[in-house]
Every structure is written in C-alpha cells, then in structure tokens.
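Next comes protein.cif, with mmCIF, C-alpha atoms and all ligand atoms.
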```cif
data_target
#
loop_
_atom_site.label_atom_id
_atom_site.label_comp_id
_atom_site.auth_asym_id
_atom_site.auth_seq_id
_atom_site.Cartn_x
_atom_site.Cartn_y
_atom_site.Cartn_z
CA MET Q 1 -6.90 -21.91 -44.34
CA ASN Q 2 -6.77 -25.46 -43.08
CA ASN Q 3 -9.79 -27.71 -43.77
CA SER Q 4 -9.62 -29.74 -40.57
CA LYS Q 5 -11.32 -29.03 -37.29
CA LEU Q 6 -9.33 -27.49 -34.47
CA TYR Q 7 -9.66 -28.82 -30.90
CA ILE Q 8 -8.68 -26.55 -28.01
CA ASN Q 9 -8.79 -27.26 -24.31
CA LEU Q 10 -7.80 -24.27 -22.19
CA SER Q 11 -8.48 -22.53 -18.91
CA ALA Q 12 -8.46 -18.99 -17.56
CA PRO Q 13 -8.63 -17.85 -13.93
CA SER Q 14 -10.85 -15.41 -12.11
CA ASN Q 15 -9.30 -12.48 -10.27
CA ILE Q 16 -10.09 -10.50 -7.15
CA ALA Q 17 -9.72 -6.73 -7.31
CA LEU Q 18 -7.66 -5.12 -4.56
CA VAL Q 19 -8.51 -1.68 -5.98
CA LYS Q 20 -11.91 -1.83 -7.63
CA TYR Q 21 -13.04 -0.96 -11.13
CA TRP Q 22 -16.36 0.77 -10.53
CA GLY Q 23 -17.82 2.98 -13.24
CA LYS Q 24 -17.30 3.12 -17.00
CA LYS Q 25 -16.54 5.83 -19.54
CA ASN Q 26 -16.60 5.70 -23.37
CA GLY Q 27 -18.21 2.28 -23.47
CA GLN Q 28 -16.06 -0.32 -21.81
CA LYS Q 29 -13.26 1.80 -20.31
CA PRO Q 30 -12.77 2.32 -16.57
CA ILE Q 31 -13.21 5.68 -14.80
CA ASN Q 32 -10.38 4.74 -12.41
CA PRO Q 33 -7.37 2.40 -12.32
CA SER Q 34 -7.80 -1.02 -10.70
CA LEU Q 35 -5.39 -3.64 -9.39
CA SER Q 36 -6.11 -7.36 -9.00
CA LEU Q 37 -4.74 -10.65 -7.76
CA THR Q 38 -5.09 -13.49 -10.26
CA LEU Q 39 -6.56 -16.58 -8.61
CA ASN Q 40 -5.56 -20.21 -8.96
CA ASN Q 41 -8.55 -22.43 -8.15
CA CYS Q 42 -11.46 -20.35 -9.46
CA GLN Q 43 -11.08 -21.12 -13.17
CA THR Q 44 -13.19 -21.47 -16.31
CA HIS Q 45 -12.27 -24.49 -18.45
CA MET Q 46 -13.27 -24.48 -22.12
CA GLU Q 47 -13.23 -27.35 -24.55
CA VAL Q 48 -13.82 -26.03 -28.03
CA VAL Q 49 -14.08 -27.51 -31.54
CA ILE Q 50 -13.77 -24.99 -34.36
CA GLU Q 51 -14.62 -25.81 -37.97
CA LYS Q 52 -15.20 -23.97 -41.23
CA SER Q 53 -18.75 -22.81 -41.84
CA ASP Q 54 -20.68 -20.54 -44.22
CA PHE Q 55 -21.15 -18.01 -41.46
CA PHE Q 56 -20.00 -17.22 -37.89
CA ASP Q 57 -21.78 -19.41 -35.39
CA LEU Q 58 -21.44 -20.42 -31.76
CA SER Q 59 -23.02 -23.17 -29.71
CA ILE Q 60 -22.38 -23.05 -25.98
CA GLU Q 61 -22.95 -25.57 -23.27
CA PHE Q 62 -22.32 -24.35 -19.75
CA GLU Q 63 -21.85 -27.27 -17.37
CA SER Q 64 -23.40 -29.64 -19.95
CA ILE Q 65 -26.53 -27.52 -20.47
CA PRO Q 66 -27.02 -25.41 -23.64
CA ASN Q 67 -26.88 -21.77 -22.56
CA GLU Q 68 -28.72 -19.54 -25.03
CA LYS Q 69 -28.50 -16.46 -22.79
CA PHE Q 70 -24.68 -16.66 -22.63
CA ARG Q 71 -24.55 -17.28 -26.41
CA GLN Q 72 -26.72 -14.22 -27.16
CA LYS Q 73 -24.65 -12.09 -24.78
CA ILE Q 74 -21.42 -13.02 -26.57
CA LEU Q 75 -22.88 -12.53 -30.07
CA HIS Q 76 -24.17 -9.12 -29.00
CA LYS Q 77 -20.80 -8.06 -27.55
CA ILE Q 78 -18.95 -9.23 -30.67
CA SER Q 79 -21.39 -7.41 -32.96
CA LYS Q 80 -20.60 -4.18 -31.07
CA LEU Q 81 -16.80 -4.37 -31.43
CA GLY Q 82 -15.45 -1.12 -32.91
CA PRO Q 83 -12.98 -0.62 -35.80
CA GLU Q 84 -9.99 -1.01 -33.44
CA PHE Q 85 -10.80 -4.74 -33.33
CA GLU Q 86 -10.57 -5.20 -37.10
CA LYS Q 87 -7.61 -7.57 -36.70
CA TRP Q 88 -9.90 -10.02 -34.85
CA LEU Q 89 -12.59 -10.15 -37.57
CA PRO Q 90 -11.34 -13.40 -39.19
CA ALA Q 91 -12.05 -15.16 -35.87
CA PHE Q 92 -15.68 -13.97 -36.13
CA SER Q 93 -16.41 -15.04 -39.70
CA ASN Q 94 -17.01 -18.35 -41.50
CA LEU Q 95 -16.26 -20.46 -38.46
CA LYS Q 96 -18.44 -22.53 -36.18
CA TYR Q 97 -17.44 -22.84 -32.53
CA THR Q 98 -18.80 -25.68 -30.41
CA ILE Q 99 -17.97 -24.68 -26.84
CA LYS Q 100 -18.24 -26.67 -23.63
CA SER Q 101 -17.57 -24.50 -20.63
CA TYR Q 102 -17.13 -25.52 -16.97
CA ASN Q 103 -16.28 -23.54 -13.85
CA SER Q 104 -14.05 -25.09 -11.23
CA PHE Q 105 -15.91 -23.16 -8.54
CA PRO Q 106 -19.45 -23.99 -7.41
CA HIS Q 107 -22.16 -22.51 -9.62
CA SER Q 108 -24.17 -20.72 -6.97
CA SER Q 109 -21.21 -19.67 -4.87
CA GLY Q 110 -21.84 -15.98 -5.43
CA ILE Q 111 -18.48 -15.76 -7.24
CA ALA Q 112 -18.73 -13.81 -10.49
CA SER Q 113 -17.54 -15.94 -13.36
CA SER Q 114 -17.47 -13.30 -16.08
CA ALA Q 115 -13.77 -12.51 -15.60
CA SER Q 116 -12.65 -16.12 -16.04
CA SER Q 117 -15.16 -17.06 -18.74
CA MET Q 118 -14.55 -13.99 -20.92
CA ALA Q 119 -10.77 -14.27 -20.51
CA ALA Q 120 -11.05 -17.94 -21.57
CA LEU Q 121 -13.26 -17.13 -24.55
CA SER Q 122 -10.99 -14.37 -25.81
CA PHE Q 123 -8.07 -16.82 -25.40
CA VAL Q 124 -9.96 -19.19 -27.74
CA PHE Q 125 -10.30 -16.39 -30.35
CA LYS Q 126 -6.57 -15.64 -29.97
CA CYS Q 127 -5.69 -19.29 -30.66
CA VAL Q 128 -8.02 -19.38 -33.67
CA LEU Q 129 -6.40 -16.33 -35.25
CA GLU Q 130 -3.00 -17.97 -34.81
CA GLN Q 131 -3.93 -21.46 -35.93
CA PHE Q 132 -6.31 -20.78 -38.82
CA TYR Q 133 -4.91 -17.51 -40.16
CA LYS Q 134 -1.33 -17.28 -38.79
CA ILE Q 135 -2.23 -13.91 -37.28
CA GLU Q 136 -0.28 -13.31 -34.06
CA THR Q 137 -1.79 -11.21 -31.28
CA ASN Q 138 0.06 -10.10 -28.19
CA ARG Q 139 -1.18 -10.21 -24.58
CA ASN Q 140 -2.25 -6.56 -24.66
CA GLU Q 141 -4.49 -7.14 -27.67
CA TRP Q 142 -5.93 -10.22 -25.99
CA SER Q 143 -6.59 -8.26 -22.77
CA SER Q 144 -8.25 -5.56 -24.84
CA LEU Q 145 -10.65 -8.05 -26.44
CA ALA Q 146 -11.36 -9.60 -23.02
CA ARG Q 147 -12.14 -6.08 -21.70
CA GLN Q 148 -14.78 -5.62 -24.37
CA LEU Q 149 -16.45 -8.85 -23.26
CA SER Q 150 -16.23 -8.01 -19.52
CA GLY Q 151 -14.10 -5.27 -17.95
CA SER Q 152 -12.56 -7.33 -15.17
CA ALA Q 153 -11.68 -10.11 -17.68
CA SER Q 154 -8.97 -7.78 -19.07
CA ARG Q 155 -7.04 -8.50 -15.84
CA SER Q 156 -7.33 -12.31 -16.08
CA VAL Q 157 -4.89 -12.75 -18.98
CA ASP Q 158 -1.78 -12.87 -16.79
CA ALA Q 159 -0.61 -13.16 -13.17
CA PRO Q 160 -0.04 -12.52 -10.33
CA PHE Q 161 -0.93 -8.80 -10.01
CA MET Q 162 -2.60 -6.97 -12.88
CA ALA Q 163 -3.19 -3.25 -13.29
CA TRP Q 164 -5.77 -1.70 -15.62
CA GLY Q 165 -6.63 1.96 -16.26
CA ILE Q 166 -4.58 5.12 -16.58
CA HIS Q 167 -2.83 6.63 -13.57
CA GLN Q 168 -0.77 9.81 -13.55
CA LYS Q 169 2.19 8.23 -11.70
CA TYR Q 170 2.42 5.06 -13.80
CA PHE Q 171 2.46 6.47 -17.33
CA GLN Q 172 2.59 3.00 -19.00
CA LEU Q 173 -0.92 2.14 -17.82
CA LYS Q 174 -3.75 2.08 -20.34
CA ASP Q 175 -7.55 2.13 -20.29
CA ASP Q 176 -7.59 -0.32 -23.22
CA TYR Q 177 -5.85 -3.26 -21.55
CA ALA Q 178 -4.36 -4.51 -18.31
CA LEU Q 179 -0.63 -4.78 -17.66
CA ASN Q 180 1.34 -6.98 -15.32
CA LEU Q 181 2.32 -4.99 -12.21
CA ASP Q 182 5.89 -6.30 -12.60
CA ASN Q 183 6.13 -4.43 -15.88
CA ILE Q 184 5.08 -1.08 -14.50
CA LEU Q 185 7.21 -1.16 -11.35
CA GLU Q 186 10.48 -0.77 -13.25
CA GLN Q 187 13.32 -0.85 -10.64
CA GLN Q 188 11.06 -1.86 -7.76
CA LYS Q 189 9.51 -5.24 -6.91
CA VAL Q 190 6.61 -6.50 -4.83
CA HIS Q 191 8.04 -7.56 -1.43
CA PRO Q 192 8.71 -11.35 -1.20
CA ASP Q 193 6.26 -11.59 1.76
CA PHE Q 194 3.47 -10.75 -0.70
CA LYS Q 195 4.25 -13.75 -2.93
CA ASN Q 196 1.58 -16.46 -2.97
CA MET Q 197 -1.08 -14.33 -1.37
CA HIS Q 198 -4.19 -16.24 -0.23
CA ASP Q 199 -7.87 -15.48 -0.77
CA ALA Q 200 -10.34 -17.55 1.29
CA ILE Q 201 -13.83 -16.57 0.19
CA VAL Q 202 -16.34 -16.79 3.02
CA ILE Q 203 -19.67 -17.45 1.31
CA VAL Q 204 -22.14 -15.43 3.34
CA ASP Q 205 -24.86 -15.75 0.71
CA ALA Q 206 -24.63 -17.91 -2.42
CA GLY Q 207 -27.65 -16.29 -4.10
CA VAL Q 208 -27.68 -14.33 -7.35
CA LYS Q 209 -26.59 -10.70 -6.97
CA SER Q 210 -29.47 -8.20 -6.71
CA VAL Q 211 -27.70 -5.79 -9.08
CA SER Q 212 -25.79 -6.83 -12.20
CA SER Q 213 -22.33 -5.35 -12.61
CA SER Q 214 -23.39 -3.36 -15.71
CA ASP Q 215 -26.25 -1.78 -13.75
CA GLY Q 216 -23.81 -1.23 -10.89
CA HIS Q 217 -21.24 0.57 -13.08
CA ALA Q 218 -24.03 2.78 -14.48
CA LEU Q 219 -24.83 3.97 -10.94
CA MET Q 220 -21.52 5.88 -11.01
CA ASP Q 221 -22.55 7.95 -14.07
CA ARG Q 222 -24.36 10.62 -12.08
CA HIS Q 223 -23.16 9.71 -8.61
CA PRO Q 224 -22.80 12.72 -6.25
CA HIS Q 225 -19.42 11.34 -5.08
CA ARG Q 226 -18.18 10.39 -8.55
CA GLU Q 227 -15.23 12.82 -8.67
CA SER Q 228 -14.08 12.10 -5.12
CA ARG Q 229 -14.39 8.34 -5.75
CA ILE Q 230 -12.13 8.67 -8.81
CA ALA Q 231 -9.59 10.68 -6.80
CA LEU Q 232 -9.68 8.20 -3.90
CA ALA Q 233 -9.31 5.13 -6.13
CA ASN Q 234 -6.28 6.76 -7.79
CA LEU Q 235 -4.78 7.44 -4.36
CA HIS Q 236 -5.53 3.90 -3.11
CA PHE Q 237 -3.95 2.46 -6.26
CA GLU Q 238 -0.70 4.30 -5.62
CA GLN Q 239 -0.69 3.69 -1.85
CA ILE Q 240 -1.46 -0.03 -2.03
CA ILE Q 241 1.39 -0.60 -4.50
CA GLU Q 242 3.74 1.31 -2.19
CA ALA Q 243 2.67 -0.89 0.75
CA MET Q 244 3.18 -4.05 -1.34
CA VAL Q 245 6.66 -2.95 -2.39
CA ALA Q 246 7.58 -2.00 1.18
CA GLY Q 247 6.14 -5.27 2.52
CA ASN Q 248 4.01 -3.29 4.98
CA PHE Q 249 0.99 -5.53 5.62
CA LEU Q 250 -0.80 -3.27 8.09
CA GLU Q 251 -0.68 -0.39 5.64
CA PHE Q 252 -1.81 -2.74 2.84
CA ALA Q 253 -4.71 -4.02 4.99
CA ASP Q 254 -5.85 -0.52 5.88
CA ILE Q 255 -6.03 0.54 2.21
CA LEU Q 256 -7.51 -2.77 1.03
CA GLU Q 257 -10.38 -2.63 3.52
CA ARG Q 258 -11.21 1.05 3.08
CA GLU Q 259 -11.16 0.54 -0.70
CA ALA Q 260 -13.65 -2.36 -0.50
CA LEU Q 261 -15.85 -0.39 1.89
CA ASP Q 262 -15.70 2.61 -0.45
CA LEU Q 263 -17.10 0.43 -3.27
CA HIS Q 264 -20.01 -0.50 -1.00
CA ALA Q 265 -20.38 3.10 0.21
CA MET Q 266 -20.76 4.14 -3.46
CA MET Q 267 -23.50 1.55 -3.90
CA MET Q 268 -25.29 2.56 -0.72
CA THR Q 269 -25.34 6.25 -1.63
CA SER Q 270 -26.21 5.86 -5.32
CA SER Q 271 -29.66 6.36 -6.73
CA PRO Q 272 -31.26 3.89 -6.48
CA SER Q 273 -29.44 2.88 -3.30
CA VAL Q 274 -28.12 -0.67 -3.20
CA ILE Q 275 -27.09 -2.57 -0.08
CA LEU Q 276 -25.39 -5.88 -0.88
CA LEU Q 277 -23.80 -6.55 2.51
CA LYS Q 278 -25.69 -8.88 4.86
CA PRO Q 279 -25.56 -8.92 8.67
CA ASN Q 280 -23.16 -11.88 8.47
CA SER Q 281 -20.84 -9.92 6.14
CA LEU Q 282 -20.34 -7.45 9.00
CA LYS Q 283 -19.78 -10.28 11.46
CA VAL Q 284 -16.97 -11.66 9.28
CA ILE Q 285 -15.44 -8.18 8.91
CA ASP Q 286 -15.53 -7.77 12.68
CA TRP Q 287 -13.89 -11.19 13.11
CA VAL Q 288 -11.06 -10.25 10.69
CA ARG Q 289 -10.28 -7.03 12.52
CA ARG Q 290 -10.41 -8.64 15.96
CA THR Q 291 -8.29 -11.60 14.83
CA ARG Q 292 -5.64 -9.36 13.29
CA GLU Q 293 -5.40 -7.34 16.48
CA GLN Q 294 -5.52 -10.21 18.97
CA GLU Q 295 -3.53 -12.88 17.13
CA LYS Q 296 -1.08 -10.46 15.48
CA ILE Q 297 -1.45 -12.17 12.12
CA ASN Q 298 -1.45 -10.74 8.62
CA ILE Q 299 -5.09 -11.11 7.68
CA SER Q 300 -7.33 -8.58 5.98
CA PHE Q 301 -10.42 -8.55 3.78
CA THR Q 302 -11.81 -7.26 0.54
CA ILE Q 303 -15.33 -7.47 -0.88
CA ASP Q 304 -16.62 -7.71 -4.43
CA ALA Q 305 -20.04 -6.47 -5.56
CA GLY Q 306 -21.79 -8.93 -3.26
CA PRO Q 307 -22.07 -9.99 0.39
CA ASN Q 308 -19.20 -12.53 0.46
CA ILE Q 309 -16.02 -11.63 2.29
CA HIS Q 310 -12.63 -12.42 0.77
CA LEU Q 311 -10.09 -13.10 3.51
CA ILE Q 312 -6.72 -11.98 2.20
CA TYR Q 313 -3.64 -13.27 4.03
CA LEU Q 314 0.02 -13.97 3.46
CA ASP Q 315 1.50 -17.39 2.87
CA LYS Q 316 3.53 -17.25 6.07
CA ASP Q 317 0.27 -16.99 8.09
CA ARG Q 318 -1.64 -19.68 6.20
CA GLU Q 319 -1.48 -22.40 8.84
CA LYS Q 320 -2.46 -20.08 11.64
CA VAL Q 321 -5.44 -18.74 9.64
CA LEU Q 322 -6.63 -22.28 8.84
CA GLU Q 323 -6.39 -23.18 12.52
CA LEU Q 324 -8.42 -20.12 13.54
CA LEU Q 325 -11.07 -20.82 10.91
CA LYS Q 326 -11.36 -24.43 12.08
CA ALA Q 327 -11.87 -23.17 15.62
CA GLU Q 328 -14.68 -20.89 14.40
CA GLN Q 329 -16.30 -23.76 12.48
CA ALA Q 330 -16.13 -25.96 15.58
CA LYS Q 331 -18.13 -23.43 17.60
CA LYS Q 332 -21.24 -24.36 15.58
CA MET Q 333 -23.12 -21.41 17.13
CA ASP Q 334 -23.78 -19.90 13.76
CA ALA Q 335 -22.70 -21.40 10.48
CA ILE Q 336 -21.02 -18.28 9.05
CA PHE Q 337 -17.65 -19.89 8.39
CA ASN Q 338 -18.98 -23.23 7.11
CA ASN Q 339 -18.85 -22.41 3.41
CA ILE Q 340 -15.38 -21.22 2.37
CA ILE Q 341 -13.65 -21.45 -1.00
CA PHE Q 342 -9.90 -21.53 -0.50
CA ASP Q 343 -7.88 -19.94 -3.25
CA HIS Q 344 -4.51 -18.31 -3.72
CA GLN Q 345 -2.30 -16.57 -6.24
CA GLY Q 346 -2.37 -18.32 -9.61
CA THR Q 347 -0.20 -18.42 -12.69
CA GLY Q 348 -2.65 -17.27 -15.39
CA PRO Q 349 -4.43 -18.85 -18.38
CA MET Q 350 -3.18 -22.12 -19.85
CA ILE Q 351 -3.61 -24.23 -22.99
CA HIS Q 352 -4.01 -27.87 -21.94
CA LYS Q 353 -4.45 -29.38 -25.42
CA LEU Q 354 -4.56 -28.00 -28.93
CA HIS Q 355 -4.60 -30.18 -32.06
CA TRP Q 356 -6.14 -30.57 -35.48
CA MET Q 357 -8.81 -33.25 -35.99
CA ASP Q 358 -9.86 -34.90 -39.24
O1 LIG Q 401 -16.08 -6.83 -15.05
P1 LIG Q 401 -17.38 -6.43 -14.47
O2 LIG Q 401 -18.16 -5.54 -15.37
O3 LIG Q 401 -18.17 -7.61 -13.98
O4 LIG Q 401 -17.11 -5.50 -13.16
C1 LIG Q 401 -16.43 -5.95 -12.03
C2 LIG Q 401 -16.64 -5.00 -10.90
C3 LIG Q 401 -16.07 -5.43 -9.56
O5 LIG Q 401 -15.98 -6.83 -9.49
C4 LIG Q 401 -16.98 -4.94 -8.44
C5 LIG Q 401 -14.70 -4.82 -9.28
C6 LIG Q 401 -13.53 -5.32 -10.08
O6 LIG Q 401 -12.64 -4.52 -10.34
O7 LIG Q 401 -13.46 -6.53 -10.39
#
```
Rewrite the coordinates I just gave you, this time as structure tokens.
Amino acid sequence: MNNSKLYINLSAPSNIALVKYWGKKNGQKPINPSLSLTLNNCQTHMEVVIEKSDFFDLSIEFESIPNEKFRQKILHKISKLGPEFEKWLPAFSNLKYTIKSYNSFPHSSGIASSASSMAALSFVFKCVLEQFYKIETNRNEWSSLARQLSGSASRSVDAPFMAWGIHQKYFQLKDDYALNLDNILEQQKVHPDFKNMHDAIVIVDAGVKSVSSSDGHALMDRHPHRESRIALANLHFEQIIEAMVAGNFLEFADILEREALDLHAMMMTSSPSVILLKPNSLKVIDWVRRTREQEKINISFTIDAGPNIHLIYLDKDREKVLELLKAEQAKKMDAIFNNIIFDHQGTGPMIHKLHWMD
C-alpha cells in the first residue's frame, strides 16, 4: 500500500424516478422494479483526502460545516454491511477520509440529496479500492454498495435511464443493483424523441419532508394495497418502457402521472396516513394537464415523496415550455411558478481530479 495521501475530486448526480421504488424487503431491496432518469444539474460534489490511519475514520463537512449526523449515518450503514460486501472491507479499514461535500442544488429546495451523495460516496470507496489496493470493482458492485447506503442511489451510478429491481419480462434485472436500460432492451432502443428529456422542478414547498423515506418505505410493510401496488408498479414499468421505445409521449405521460399519483395514494391510505401534496401541488398538476391539452405540447409530471412537481418534457418542446412558464411567472397573481430548478438528462458520475499527494 502506498504511503502518500490520495486526493479525489468527483461528482455524482441525483435521479428522478419515473416508476417509483416504494417499499423494501430483506433489508435494502425493493419490493418492485423502478426506473429513473439521471439528472445533470442536481449533483453532489465531493473533495476527499484519504490517508493511512490506525483505524477507519471519517470526517465530513457538508457545505463547509462539520456534519456529525451524516457521519454517524454513514458509519452505521457501513457497520451493517453483510458478508456479500467483503470485497469492500479494505476501503473501511486503516484509512482516514477527510470529506468536503457540496450540492449543486439549493439546500432547502425540497430535493432529496441522498441519491447523489450516497452514489458519490460509494464512488469514493470504489476509487480507494482501486488506488490503494489495486482491487477493481465493476459498476454493478458499485451500484450495490450505493444501494446499501440509500436505495435510490443505486440508480445514480450511470445514465440516462436506470432500472433497478427484478421484473418477470426483463430477466437480467436484479434487486441487488441497477442496470442501464440500454443493456436490458437488447434489440430495441429508446425512441430518439426521448433523448435529452427535461425535468423542471417546481418548488411548491422547500421545507423538510414530514416523513423520512425510510419511514415511508416501512408504511408499505403492512399496507392493505401492498400486493396490488406491487402488481401495478410491475405493469407500469413494462408499459412505460414500451411507450418510450415507441416514442408515444401521450401514453408515457399517462403512465408517468398515474404512477406518481399511485405513490401518493399509497401514502394517503397507509397507517398512519401521510399527505405530502399541498394545494399548490394540485394547481401545478392542473396547469400541466390543461397546457398539454390546449397547447398540444409534450409535457407531463411526476412527483417524488414531497409536494414539489417535476415537469417532464421533451427537448423538442423546451422553448415552448420555457415561454409558457415565463407567461405564468409574469401573471404575478400567485407565486407558484417563481421557484423552479431546471434540469435535464445527465451523463452520470465523473472524476474531476485524482492524484497522490506527499
Ligand atoms: O432511496 P430512498 O430510500 O430515499 O427512497 C426513494 C423513494 C422515492 O424517491 C420516493 C422513489 C424513488 O424511486 O426514488
């Protein structure tokens, strides 16, 4: 093992689920398959110095402030890794990591950062295995480690569309890690119209979520609609891929929206019942549906576990959508459309610098 310190500067993106992962089985595995779009602008950047130490240690600054809660969370997750992660153990022993982490998206934007931060952190561990111990890991192993840190992070290791969780039609899919949709489609391809898909996130409420995603997943354990939710998510997964291959936006939009609303329906009818949508969320949804109908443009929406509405549209309609949003902002009657994060399909995680220091 080399005696010098290793410096790594890398980034990993967030992703938005088109078919949602909601509910866990056997620890950190999904009860249904999910499909996501990897984003470009919502990223976690990490600058890390790794040096030899007598024991495994981490120090983490998030946006220049030491973050003990994040540190404890990571140490806890690593301590719970099962025997299948034995290959990674050298990365978690006799090394000290000094981590500076930044998000490219506003802190209180209501955008979950666990997918990008845990994908970035597991990327750091991957680089350490390679650089210090000459142990190579492939993307599936990396996605698997990211999954243990946060389920949706398993889908942030590649781009543009990532699929995670077994499905009877696509036999290559696994619960352990996410795969690139291109690799499971075989002879088929996503229609060129669906290249460079956009996601404009209308921030309805930037506050902290009232239910954490782990508590949210647990609500599915004894949910009265659990079995029908699993069946519907499997159906949506298959149907949305078919619509993307056919280039049928209206079909895609119909599945995308009902899927997002099903996630919220599950929350509303769980015990305890959780309502995350706000009155303005419904106003944005209504605007999307009216605009699609009246303007004949390819715009749709999805929703994460929160009140913010993700406007999903195709590249060919980008200018028209921007124009319509500007018109809404100009109305100034209510400020619903005043806080929007514009994002689009990204290219996946990246190493910006990696070198040894004396
Ligand atoms: O990765 P987690 O545990 O934060 O769960 C993410 C859950 C959703 O964002 C609601 C859906 C998804 O598939 O990303």
Find the residues near ligand LIG 401 (chain Q). Use a cut-off of 7 Å, count only C-alpha atoms and all ligand atoms, and write them as a list in words. Ile16, Ala17, Val19, Lys20, Tyr21, Trp22, Ser34, Ser114, Ala115, Ser150, Gly151, Ser152, Ala153, Ser213, Ser214, Asp304 and Ala305 of chain Q
In Å, with one decimal, what is the gap from CA of Val190 in chain Q to CA of Ile312 in chain Q? 16.0 Å
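Counting from CA of His236 in chain Q, the distance to CA of Lys195 in chain Q is 20.2 Å.
If you measure from each of Q:Gln187, Q:Lys296, Q:His198, Q:Pro13 to Ser154 in chain Q using all atoms listed in the file, the closest one turns out to be Q:Pro13.
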Which residues, written as a PyMOL selection string, have at least one atom at most 6 Å from Gly165 in chain Q, with all atoms listed in the file counted and residues fewer than 4 positions away on the same chain left out? chain Q and resi 33+173-175
Contacts of range 143-148 of chain Q at 6 Å (only C-alpha atoms; same-chain gap of 6+ positions) as a compact mmCIF listing (two decimals) with C-alpha atoms, in the coordinates of the input:
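Output file part.txt follows:
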```
# COMPACT_ATOMS: atom_id res chain seq x y z
CA MET Q 118 -14.55 -13.99 -20.92
CA ALA Q 119 -10.77 -14.27 -20.51
CA SER Q 122 -10.99 -14.37 -25.81
CA SER Q 154 -8.97 -7.78 -19.07
CA ASP Q 176 -7.59 -0.32 -23.22
CA TYR Q 177 -5.85 -3.26 -21.55
```
Could you list, as an NGL selection string, every residue within 12 Å of Pro272 in chain Q, counting all atoms listed in the file and ignoring same-chain residues fewer than 3 positions away? :Q and (211 or 215-216 or 218-220 or 222-223 or 266-269 or 275)
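Pairwise distance (CA of Ile8 in chain Q, CA of Lys353 in chain Q) equals 5.7 Å.
For the set Q:Lys5, Q:Lys29, Q:Arg292, Q:His76, the residue with the smallest atom-to-atom gap to Asp317 in chain Q is Q:Arg292, counting only C-alpha atoms.
Distances here use all atoms listed in the file; by that measure, the residue among Q:Ile299, Q:Cys42, Q:Leu250, Q:Val157 closest to Tyr102 in chain Q is Q:Cys42.
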